[in-house]
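Worksheet: one structure, shown below.
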Amino acid sequence: MERKIEEFFQKWKNDIIRKPMMLYGPKQIGKTFSALAFGKKYYKNVVYFNTDNNKSLIELFTKEKSTEKIILNLSLEIGETILKEDTLIILDNVNNIEIIRGIKLFGSEHSDYHIIAITSRRENLNEFKGEELQFKGMSAMDFEEYLWAHNEKNLTDLIRESFTKRKTCPFHKVALDYFGNYLQVGGMPEVIQAELDGKSSFEIEAIKQKIMDIYKKEVAINTTLIDIPRGLEVIDSLPEQLKKDNKKFQYGIMGTGKRAKEYDSAINYLVNNQLVYRSYKIKNVKSPLTSCKDTDSFKLYAVDTGVLYTMMNLNYKKVQTDEDIKETLYENMIAKSLIENGYSLFYYQSDGKAEVNFVVQNRKGQIIPIEITTRTNSKAKSLSVFMKKYTVPQGYRITENNFQTKKDIRYIPIYAVFCIDNNNI
């Protein structure tokens, strides 16, 4: 399946000051598959090493401080010659600090060896902020990639054209139907492949359940033992947290007497390792938005809406007949899409309880409020009030209707949220 990450890989390969890449993101989103597919397509050969609990590799990177000796030993380990410029070296499941330090050597020497190191534990990268490594995040497939997988590139081109030129999309109903399927399936490549292969809904749900179990095992890796059960409690509470009218994270959902300070570390672990996404509340607006956030008030979202669909024990009929459930899935999907497109998440809530679902700031410093409207809240006025109060020139309403513009508000179909990136907003 074609992924957007390939375009970044190509630029990285051709960069004259290319550094080893640290590719990070949750498990099961296709990091390894994408790197291997890229290597097969653009290099003479690919050498792959699984570093997870690989004592010989850990010993090698701990002992050797010469890049040439590291390459020699890797060649002996794999039984294949590693060529400068023409071999892609993939180091998978990189969680050992000594291995990351060894990879840094290639960056400090501006080496001609091409290295992609893959990890699902983003926290391990926090101490490596120098110039020797290039970091790249990856996430599950967005709706555009989902359409690509269904051989609908022409449809994605039409959606982007409609967004850019502010005109109606001629295949609005078709796009909306595909999006309804995407809400259920989600963006995990294995799940999408199962759908393409015609697997039953029961088989697809079983795959998503397996992925949920894998994510919970990631929590169990937390070195602070007391935070393991707390992290699992937070994940298990997501459906109830997001079903509420006020989706602010509430500790009481997990049980009587639960307190914020007991869960701070567990929640930070989940956010830092992309096991959940966090959106902070703001009560006023100024640049930068980070200066406005209330660190005690936030929402948490699942990293994949298809997985959330399974956690909520939903079915197609339930989603189509319950507008609140549908809006919950829409909000989670929008949060995921905005994160993927490089935005930090904030939501606005006034003292009078008026709420704007998302407020983002682009690279130019422009502040854009984004509101979801469905049939049950189609007359919501929070967005207009917000724009007038803070003199914001443009806002977005995400709807199930086609593209249109009314005064300073752009109406964007829910399926076109992937277009809201820093190149277009």
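Residue numbers start at 1 in each chain; chains themselves are named A, B, ... in the order of the structure tokens; ligands are numbered from 1 in the order shown.
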Spatial neighbours of region 269-284 of chain A, 9 Å, only C-alpha atoms, chain gap at least 3 places, as a PDB file with N, CA and C atoms, in the first residue's frame:
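In the end it all went to result.pdb:
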```pdb
ATOM      1  N   TYR A  24       9.899   7.107  14.079  1.00  0.00           N
ATOM      2  CA  TYR A  24       9.170   6.695  15.279  1.00  0.00           C
ATOM      3  C   TYR A  24       7.666   6.756  15.061  1.00  0.00           C
ATOM      4  N   GLY A  25       6.960   5.997  15.859  1.00  0.00           N
ATOM      5  CA  GLY A  25       5.502   5.954  15.789  1.00  0.00           C
ATOM      6  C   GLY A  25       5.004   4.696  16.471  1.00  0.00           C
ATOM      7  N   PRO A  26       3.707   4.620  16.756  1.00  0.00           N
ATOM      8  CA  PRO A  26       3.161   3.440  17.434  1.00  0.00           C
ATOM      9  C   PRO A  26       3.382   2.169  16.630  1.00  0.00           C
ATOM     10  N   SER A 120       9.241   2.360  18.395  1.00  0.00           N
ATOM     11  CA  SER A 120       7.880   2.713  18.822  1.00  0.00           C
ATOM     12  C   SER A 120       7.909   3.443  20.162  1.00  0.00           C
ATOM     13  N   ARG A 121       9.105   3.609  20.721  1.00  0.00           N
ATOM     14  CA  ARG A 121       9.225   4.260  22.031  1.00  0.00           C
ATOM     15  C   ARG A 121       9.880   5.623  21.859  1.00  0.00           C
ATOM     16  N   ARG A 122       9.055   6.587  21.629  1.00  0.00           N
ATOM     17  CA  ARG A 122       9.536   7.938  21.348  1.00  0.00           C
ATOM     18  C   ARG A 122      10.294   8.526  22.537  1.00  0.00           C
ATOM     19  N   GLU A 123       9.937   8.106  23.745  1.00  0.00           N
ATOM     20  CA  GLU A 123      10.607   8.631  24.942  1.00  0.00           C
ATOM     21  C   GLU A 123      12.107   8.406  24.907  1.00  0.00           C
ATOM     22  N   SER A 139       2.382   7.822  11.484  1.00  0.00           N
ATOM     23  CA  SER A 139       1.152   7.410  12.157  1.00  0.00           C
ATOM     24  C   SER A 139       0.357   6.498  11.243  1.00  0.00           C
ATOM     25  N   TYR A 215      -0.912  -2.669  21.989  1.00  0.00           N
ATOM     26  CA  TYR A 215      -0.727  -1.352  22.584  1.00  0.00           C
ATOM     27  C   TYR A 215      -0.687  -1.431  24.104  1.00  0.00           C
ATOM     28  N   GLU A 218       2.617  -2.392  25.215  1.00  0.00           N
ATOM     29  CA  GLU A 218       3.549  -1.268  25.188  1.00  0.00           C
ATOM     30  C   GLU A 218       3.515  -0.498  26.506  1.00  0.00           C
ATOM     31  N   VAL A 219       2.330  -0.406  27.098  1.00  0.00           N
ATOM     32  CA  VAL A 219       2.210   0.258  28.404  1.00  0.00           C
ATOM     33  C   VAL A 219       2.964  -0.530  29.461  1.00  0.00           C
ATOM     34  N   ASN A 222       6.612   0.239  30.495  1.00  0.00           N
ATOM     35  CA  ASN A 222       6.925   1.393  31.341  1.00  0.00           C
ATOM     36  C   ASN A 222       7.794   0.959  32.522  1.00  0.00           C
ATOM     37  N   ASP A 227       2.969   2.916  37.306  1.00  0.00           N
ATOM     38  CA  ASP A 227       2.266   3.596  36.214  1.00  0.00           C
ATOM     39  C   ASP A 227       1.704   2.629  35.178  1.00  0.00           C
ATOM     40  N   GLY A 231      -1.717   3.469  33.490  1.00  0.00           N
ATOM     41  CA  GLY A 231      -1.766   3.703  32.052  1.00  0.00           C
ATOM     42  C   GLY A 231      -2.861   2.874  31.390  1.00  0.00           C
ATOM     43  N   VAL A 234      -6.220   4.426  32.046  1.00  0.00           N
ATOM     44  CA  VAL A 234      -6.465   5.592  31.199  1.00  0.00           C
ATOM     45  C   VAL A 234      -6.943   5.155  29.818  1.00  0.00           C
ATOM     46  N   ILE A 235      -6.256   4.178  29.219  1.00  0.00           N
ATOM     47  CA  ILE A 235      -6.649   3.690  27.895  1.00  0.00           C
ATOM     48  C   ILE A 235      -8.054   3.104  27.934  1.00  0.00           C
ATOM     49  N   LYS A 248     -13.772  16.663  28.366  1.00  0.00           N
ATOM     50  CA  LYS A 248     -12.607  16.871  29.207  1.00  0.00           C
ATOM     51  C   LYS A 248     -12.307  15.594  29.987  1.00  0.00           C
ATOM     52  N   ASP A 264      -0.433  11.703  36.427  1.00  0.00           N
ATOM     53  CA  ASP A 264       0.342  12.584  35.551  1.00  0.00           C
ATOM     54  C   ASP A 264       1.415  11.828  34.782  1.00  0.00           C
ATOM     55  N   SER A 265       2.190  11.038  35.486  1.00  0.00           N
ATOM     56  CA  SER A 265       3.300  10.334  34.862  1.00  0.00           C
ATOM     57  C   SER A 265       2.806   9.317  33.838  1.00  0.00           C
ATOM     58  N   ALA A 266       1.748   8.589  34.161  1.00  0.00           N
ATOM     59  CA  ALA A 266       1.222   7.579  33.246  1.00  0.00           C
ATOM     60  C   ALA A 266       0.685   8.230  31.971  1.00  0.00           C
ATOM     61  N   LEU A 289      -0.260  29.913  20.996  1.00  0.00           N
ATOM     62  CA  LEU A 289      -1.363  29.281  21.724  1.00  0.00           C
ATOM     63  C   LEU A 289      -0.883  28.501  22.943  1.00  0.00           C
ATOM     64  N   THR A 290       0.352  28.048  22.900  1.00  0.00           N
ATOM     65  CA  THR A 290       0.886  27.295  24.045  1.00  0.00           C
ATOM     66  C   THR A 290       0.883  28.129  25.318  1.00  0.00           C
ATOM     67  N   CYS A 292      -1.469  29.914  26.302  1.00  0.00           N
ATOM     68  CA  CYS A 292      -2.851  30.031  26.792  1.00  0.00           C
ATOM     69  C   CYS A 292      -3.367  28.746  27.424  1.00  0.00           C
ATOM     70  N   LYS A 293      -2.626  27.662  27.302  1.00  0.00           N
ATOM     71  CA  LYS A 293      -3.191  26.374  27.677  1.00  0.00           C
ATOM     72  C   LYS A 293      -3.332  26.211  29.187  1.00  0.00           C
ATOM     73  N   ASP A 294      -4.387  25.516  29.570  1.00  0.00           N
ATOM     74  CA  ASP A 294      -4.635  25.135  30.955  1.00  0.00           C
ATOM     75  C   ASP A 294      -4.158  23.703  31.106  1.00  0.00           C
ATOM     76  N   THR A 295      -3.022  23.510  31.761  1.00  0.00           N
ATOM     77  CA  THR A 295      -2.411  22.183  31.829  1.00  0.00           C
ATOM     78  C   THR A 295      -3.229  21.188  32.642  1.00  0.00           C
ATOM     79  N   ASP A 296      -4.184  21.671  33.406  1.00  0.00           N
ATOM     80  CA  ASP A 296      -5.018  20.780  34.212  1.00  0.00           C
ATOM     81  C   ASP A 296      -6.284  20.335  33.480  1.00  0.00           C
ATOM     82  N   SER A 297      -6.557  20.943  32.344  1.00  0.00           N
ATOM     83  CA  SER A 297      -7.773  20.617  31.602  1.00  0.00           C
ATOM     84  C   SER A 297      -7.400  20.174  30.193  1.00  0.00           C
ATOM     85  N   PHE A 298      -7.740  18.963  29.853  1.00  0.00           N
ATOM     86  CA  PHE A 298      -7.376  18.435  28.542  1.00  0.00           C
ATOM     87  C   PHE A 298      -8.318  17.298  28.149  1.00  0.00           C
ATOM     88  N   LYS A 299      -8.274  16.958  26.867  1.00  0.00           N
ATOM     89  CA  LYS A 299      -8.965  15.788  26.337  1.00  0.00           C
ATOM     90  C   LYS A 299      -7.906  14.800  25.857  1.00  0.00           C
ATOM     91  N   LEU A 300      -8.242  13.538  25.894  1.00  0.00           N
ATOM     92  CA  LEU A 300      -7.376  12.507  25.335  1.00  0.00           C
ATOM     93  C   LEU A 300      -8.121  11.791  24.217  1.00  0.00           C
ATOM     94  N   TYR A 301      -7.402  11.521  23.130  1.00  0.00           N
ATOM     95  CA  TYR A 301      -7.987  10.837  21.980  1.00  0.00           C
ATOM     96  C   TYR A 301      -7.219   9.551  21.674  1.00  0.00           C
ATOM     97  N   ALA A 302      -7.920   8.591  21.079  1.00  0.00           N
ATOM     98  CA  ALA A 302      -7.279   7.353  20.635  1.00  0.00           C
ATOM     99  C   ALA A 302      -6.474   7.632  19.368  1.00  0.00           C
ATOM    100  N   VAL A 303      -5.382   6.891  19.188  1.00  0.00           N
ATOM    101  CA  VAL A 303      -4.508   7.141  18.033  1.00  0.00           C
ATOM    102  C   VAL A 303      -5.108   6.609  16.729  1.00  0.00           C
ATOM    103  N   ASP A 304      -6.135   5.791  16.833  1.00  0.00           N
ATOM    104  CA  ASP A 304      -6.792   5.285  15.625  1.00  0.00           C
ATOM    105  C   ASP A 304      -8.288   5.211  15.877  1.00  0.00           C
ATOM    106  N   ALA A 335      -8.833  15.034  15.346  1.00  0.00           N
ATOM    107  CA  ALA A 335      -7.661  15.188  16.217  1.00  0.00           C
ATOM    108  C   ALA A 335      -6.471  14.445  15.636  1.00  0.00           C
ATOM    109  N   LYS A 336      -6.687  13.210  15.209  1.00  0.00           N
ATOM    110  CA  LYS A 336      -5.625  12.399  14.620  1.00  0.00           C
ATOM    111  C   LYS A 336      -5.063  13.061  13.369  1.00  0.00           C
ATOM    112  N   ILE A 339      -2.954  16.227  14.194  1.00  0.00           N
ATOM    113  CA  ILE A 339      -1.652  15.814  14.736  1.00  0.00           C
ATOM    114  C   ILE A 339      -0.741  15.356  13.606  1.00  0.00           C
ATOM    115  N   SER A 344      -0.274  21.243  16.946  1.00  0.00           N
ATOM    116  CA  SER A 344      -0.543  20.972  18.352  1.00  0.00           C
ATOM    117  C   SER A 344      -2.039  21.186  18.574  1.00  0.00           C
ATOM    118  N   LEU A 345      -2.621  20.381  19.467  1.00  0.00           N
ATOM    119  CA  LEU A 345      -4.069  20.419  19.651  1.00  0.00           C
ATOM    120  C   LEU A 345      -4.474  21.273  20.849  1.00  0.00           C
ATOM    121  N   PHE A 346      -5.460  22.136  20.604  1.00  0.00           N
ATOM    122  CA  PHE A 346      -6.088  22.927  21.665  1.00  0.00           C
ATOM    123  C   PHE A 346      -7.590  22.978  21.390  1.00  0.00           C
ATOM    124  N   TYR A 347      -8.371  23.147  22.442  1.00  0.00           N
ATOM    125  CA  TYR A 347      -9.794  23.415  22.269  1.00  0.00           C
ATOM    126  C   TYR A 347     -10.165  24.594  23.149  1.00  0.00           C
ATOM    127  N   TYR A 348     -11.190  25.317  22.725  1.00  0.00           N
ATOM    128  CA  TYR A 348     -11.592  26.526  23.437  1.00  0.00           C
ATOM    129  C   TYR A 348     -12.890  26.281  24.189  1.00  0.00           C
ATOM    130  N   GLN A 349     -12.895  26.735  25.448  1.00  0.00           N
ATOM    131  CA  GLN A 349     -14.116  26.672  26.244  1.00  0.00           C
ATOM    132  C   GLN A 349     -14.189  27.927  27.104  1.00  0.00           C
ATOM    133  N   SER A 350     -15.280  28.670  26.916  1.00  0.00           N
ATOM    134  CA  SER A 350     -15.446  29.904  27.674  1.00  0.00           C
ATOM    135  C   SER A 350     -16.073  29.601  29.026  1.00  0.00           C
ATOM    136  N   ASP A 351     -16.134  30.610  29.870  1.00  0.00           N
ATOM    137  CA  ASP A 351     -16.798  30.441  31.168  1.00  0.00           C
ATOM    138  C   ASP A 351     -18.270  30.102  30.987  1.00  0.00           C
ATOM    139  N   PHE A 358     -11.634  22.537  18.128  1.00  0.00           N
ATOM    140  CA  PHE A 358     -10.191  22.619  17.934  1.00  0.00           C
ATOM    141  C   PHE A 358      -9.788  24.058  17.591  1.00  0.00           C
ATOM    142  N   VAL A 359      -8.652  24.462  18.109  1.00  0.00           N
ATOM    143  CA  VAL A 359      -8.033  25.727  17.718  1.00  0.00           C
ATOM    144  C   VAL A 359      -6.576  25.410  17.403  1.00  0.00           C
ATOM    145  N   TYR A 390     -12.364  37.349  19.331  1.00  0.00           N
ATOM    146  CA  TYR A 390     -10.906  37.399  19.235  1.00  0.00           C
ATOM    147  C   TYR A 390     -10.423  37.920  17.885  1.00  0.00           C
TER     148      TYR A 390
END
```
All alpha helix (DSSP H) positions in region 40-273 of chain A, as a ChimeraX atom specification:
/A:40-42,55-63,67-78,97-108,143-149,153-165,172-185,189-196,201-219,227-243,260-272
Export of the given selection (C-alpha atoms) as a tab-separated table (two decimals), in the first residue's frame:
```tsv
chain	number	residue	atom	x	y	z
A	40	LYS	CA	13.56	-2.46	-2.30
A	41	LYS	CA	12.41	0.21	-4.75
A	42	TYR	CA	15.32	2.66	-4.58
A	55	LYS	CA	22.69	-9.03	22.55
A	56	SER	CA	25.29	-9.22	19.80
A	57	LEU	CA	24.13	-5.95	18.23
A	58	ILE	CA	23.91	-4.21	21.59
A	59	GLU	CA	27.45	-5.35	22.37
A	60	LEU	CA	28.67	-4.22	18.94
A	61	PHE	CA	27.24	-0.68	19.22
A	62	THR	CA	28.39	-0.38	22.82
A	63	LYS	CA	31.95	-1.48	22.08
A	67	THR	CA	31.68	3.62	11.89
A	68	GLU	CA	33.73	1.48	9.51
A	69	LYS	CA	34.15	-1.24	12.13
A	70	ILE	CA	30.43	-1.12	12.89
A	71	ILE	CA	29.68	-1.58	9.18
A	72	LEU	CA	32.21	-4.43	8.91
A	73	ASN	CA	30.63	-6.26	11.83
A	74	LEU	CA	27.11	-5.66	10.53
A	75	SER	CA	28.19	-7.11	7.17
A	76	LEU	CA	29.55	-10.19	8.93
A	77	GLU	CA	26.38	-10.47	11.00
A	78	ILE	CA	24.09	-10.42	7.96
A	97	ILE	CA	20.29	3.73	24.22
A	98	GLU	CA	23.74	2.39	23.27
A	99	ILE	CA	22.52	1.46	19.80
A	100	ILE	CA	21.11	4.97	19.30
A	101	ARG	CA	24.45	6.44	20.41
A	102	GLY	CA	26.20	4.20	17.88
A	103	ILE	CA	23.88	5.37	15.11
A	104	LYS	CA	24.68	8.98	16.04
A	105	LEU	CA	28.31	8.36	15.04
A	106	PHE	CA	27.25	8.11	11.39
A	107	GLY	CA	25.56	11.50	11.65
A	108	SER	CA	28.50	13.22	13.29
A	143	PHE	CA	-8.30	8.88	4.79
A	144	GLU	CA	-6.35	9.95	1.71
A	145	GLU	CA	-4.06	6.91	2.01
A	146	TYR	CA	-7.14	4.75	2.64
A	147	LEU	CA	-8.58	5.94	-0.67
A	148	TRP	CA	-5.25	5.25	-2.40
A	149	ALA	CA	-5.43	1.68	-1.10
A	153	LYS	CA	-6.40	8.47	-6.35
A	154	ASN	CA	-8.57	10.40	-8.76
A	155	LEU	CA	-11.08	10.95	-5.97
A	156	THR	CA	-8.40	12.28	-3.60
A	157	ASP	CA	-7.22	14.65	-6.34
A	158	LEU	CA	-10.78	15.93	-6.76
A	159	ILE	CA	-11.14	16.43	-3.00
A	160	ARG	CA	-7.89	18.40	-2.83
A	161	GLU	CA	-8.87	20.47	-5.86
A	162	SER	CA	-12.26	21.26	-4.28
A	163	PHE	CA	-10.55	22.29	-1.05
A	164	THR	CA	-7.96	24.49	-2.78
A	165	LYS	CA	-10.34	26.14	-5.26
A	172	HIS	CA	-19.41	14.13	-2.58
A	173	LYS	CA	-21.71	11.14	-1.89
A	174	VAL	CA	-19.08	8.65	-3.01
A	175	ALA	CA	-16.44	10.24	-0.75
A	176	LEU	CA	-18.87	10.31	2.17
A	177	ASP	CA	-19.67	6.61	1.75
A	178	TYR	CA	-15.98	5.71	1.68
A	179	PHE	CA	-15.44	7.83	4.77
A	180	GLY	CA	-18.19	5.96	6.61
A	181	ASN	CA	-16.26	2.74	5.97
A	182	TYR	CA	-12.99	4.37	7.06
A	183	LEU	CA	-14.53	5.33	10.42
A	184	GLN	CA	-15.16	1.66	11.12
A	185	VAL	CA	-12.00	0.19	9.65
A	189	PRO	CA	-2.60	-1.20	7.43
A	190	GLU	CA	-3.31	-4.78	8.50
A	191	VAL	CA	-6.97	-3.95	9.07
A	192	ILE	CA	-7.28	-2.13	5.75
A	193	GLN	CA	-5.65	-5.05	3.96
A	194	ALA	CA	-8.14	-7.41	5.61
A	195	GLU	CA	-10.97	-5.23	4.32
A	196	LEU	CA	-9.47	-5.24	0.82
A	201	SER	CA	-16.46	-7.91	10.03
A	202	PHE	CA	-15.75	-10.45	12.78
A	203	GLU	CA	-12.26	-11.14	11.40
A	204	ILE	CA	-11.58	-7.41	11.07
A	205	GLU	CA	-12.70	-6.78	14.65
A	206	ALA	CA	-10.41	-9.60	15.83
A	207	ILE	CA	-7.43	-7.93	14.15
A	208	LYS	CA	-8.25	-4.61	15.82
A	209	GLN	CA	-8.57	-6.37	19.16
A	210	LYS	CA	-5.11	-7.87	18.64
A	211	ILE	CA	-3.72	-4.40	17.94
A	212	MET	CA	-5.32	-3.09	21.14
A	213	ASP	CA	-3.60	-5.88	23.06
A	214	ILE	CA	-0.26	-4.95	21.48
A	215	TYR	CA	-0.73	-1.35	22.58
A	216	LYS	CA	-1.49	-2.44	26.10
A	217	LYS	CA	1.72	-4.48	26.11
A	218	GLU	CA	3.55	-1.27	25.19
A	219	VAL	CA	2.21	0.26	28.40
A	227	ASP	CA	2.27	3.60	36.21
A	228	ILE	CA	1.54	0.39	34.28
A	229	PRO	CA	-1.92	-0.29	35.76
A	230	ARG	CA	-2.64	3.44	35.72
A	231	GLY	CA	-1.77	3.70	32.05
A	232	LEU	CA	-4.06	0.77	31.27
A	233	GLU	CA	-6.84	2.42	33.26
A	234	VAL	CA	-6.46	5.59	31.20
A	235	ILE	CA	-6.65	3.69	27.90
A	236	ASP	CA	-9.65	1.64	29.02
A	237	SER	CA	-11.46	4.82	30.09
A	238	LEU	CA	-11.21	6.50	26.66
A	239	PRO	CA	-14.62	5.33	25.36
A	240	GLU	CA	-16.43	6.71	28.41
A	241	GLN	CA	-14.34	9.89	28.40
A	242	LEU	CA	-15.21	10.63	24.78
A	243	LYS	CA	-18.90	9.68	24.98
A	260	ALA	CA	-4.70	13.94	38.92
A	261	LYS	CA	-1.24	13.85	40.47
A	262	GLU	CA	-1.41	10.05	40.67
A	263	TYR	CA	-1.87	9.79	36.89
A	264	ASP	CA	0.34	12.58	35.55
A	265	SER	CA	3.30	10.33	34.86
A	266	ALA	CA	1.22	7.58	33.25
A	267	ILE	CA	-0.59	10.02	30.96
A	268	ASN	CA	2.66	11.73	29.95
A	269	TYR	CA	4.08	8.30	29.09
A	270	LEU	CA	1.09	7.51	26.88
A	271	VAL	CA	1.23	10.90	25.13
A	272	ASN	CA	5.02	10.88	24.66
```
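Residues of region 209-296 of chain A that DSSP, applied to the backbone, places in strand (DSSP E): Val276, Tyr277, Arg278, Ser279, Tyr280, Lys281, Ile282, Lys293, Asp294, Thr295 and Asp296 of chain A.
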Written selection (N, CA and C atoms) as a compact mmCIF listing (two decimals), in the first residue's frame:
```
# COMPACT_ATOMS: atom_id res chain seq x y z
N VAL A 276 -1.76 7.77 23.01
CA VAL A 276 -2.95 8.63 23.00
C VAL A 276 -2.51 10.01 22.52
N TYR A 277 -3.48 10.82 22.06
CA TYR A 277 -3.21 12.20 21.70
C TYR A 277 -3.89 13.11 22.73
N ARG A 278 -3.27 14.25 23.00
CA ARG A 278 -3.81 15.16 24.02
C ARG A 278 -4.10 16.53 23.41
N SER A 279 -5.24 17.11 23.80
CA SER A 279 -5.63 18.46 23.40
C SER A 279 -5.88 19.27 24.65
N TYR A 280 -5.19 20.42 24.78
CA TYR A 280 -5.31 21.25 25.98
C TYR A 280 -6.41 22.31 25.81
N LYS A 281 -7.08 22.60 26.89
CA LYS A 281 -8.09 23.65 26.91
C LYS A 281 -7.41 25.02 26.95
N ILE A 282 -7.99 25.97 26.19
CA ILE A 282 -7.59 27.37 26.30
C ILE A 282 -8.85 28.20 26.60
N LYS A 293 -2.63 27.66 27.30
CA LYS A 293 -3.19 26.37 27.68
C LYS A 293 -3.33 26.21 29.19
N ASP A 294 -4.39 25.52 29.57
CA ASP A 294 -4.63 25.14 30.95
C ASP A 294 -4.16 23.70 31.11
N THR A 295 -3.02 23.51 31.76
CA THR A 295 -2.41 22.18 31.83
C THR A 295 -3.23 21.19 32.64
N ASP A 296 -4.18 21.67 33.41
CA ASP A 296 -5.02 20.78 34.21
C ASP A 296 -6.28 20.34 33.48
```
Excluding same-chain residues fewer than 4 positions from Thr305 (chain A), what lies within 8 Å of it counting only C-alpha atoms, as number ranges by chain?
A: 183-184, 186-187, 309, 329, 332-333
Of the candidates A:Val285, A:Met311, A:Val360, A:Ala416, which one gets nearest to Thr391 (chain A) if we count only C-alpha atoms?
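That would be A:Val285, the residue with the smallest distance to Thr391 (chain A).
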Which value, in Å to one decimal, gives the distance between CA of Asn151 (chain A) and CA of Val307 (chain A)?
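We find that CA of Asn151 (chain A) and CA of Val307 (chain A) lie 23.5 Å from each other.
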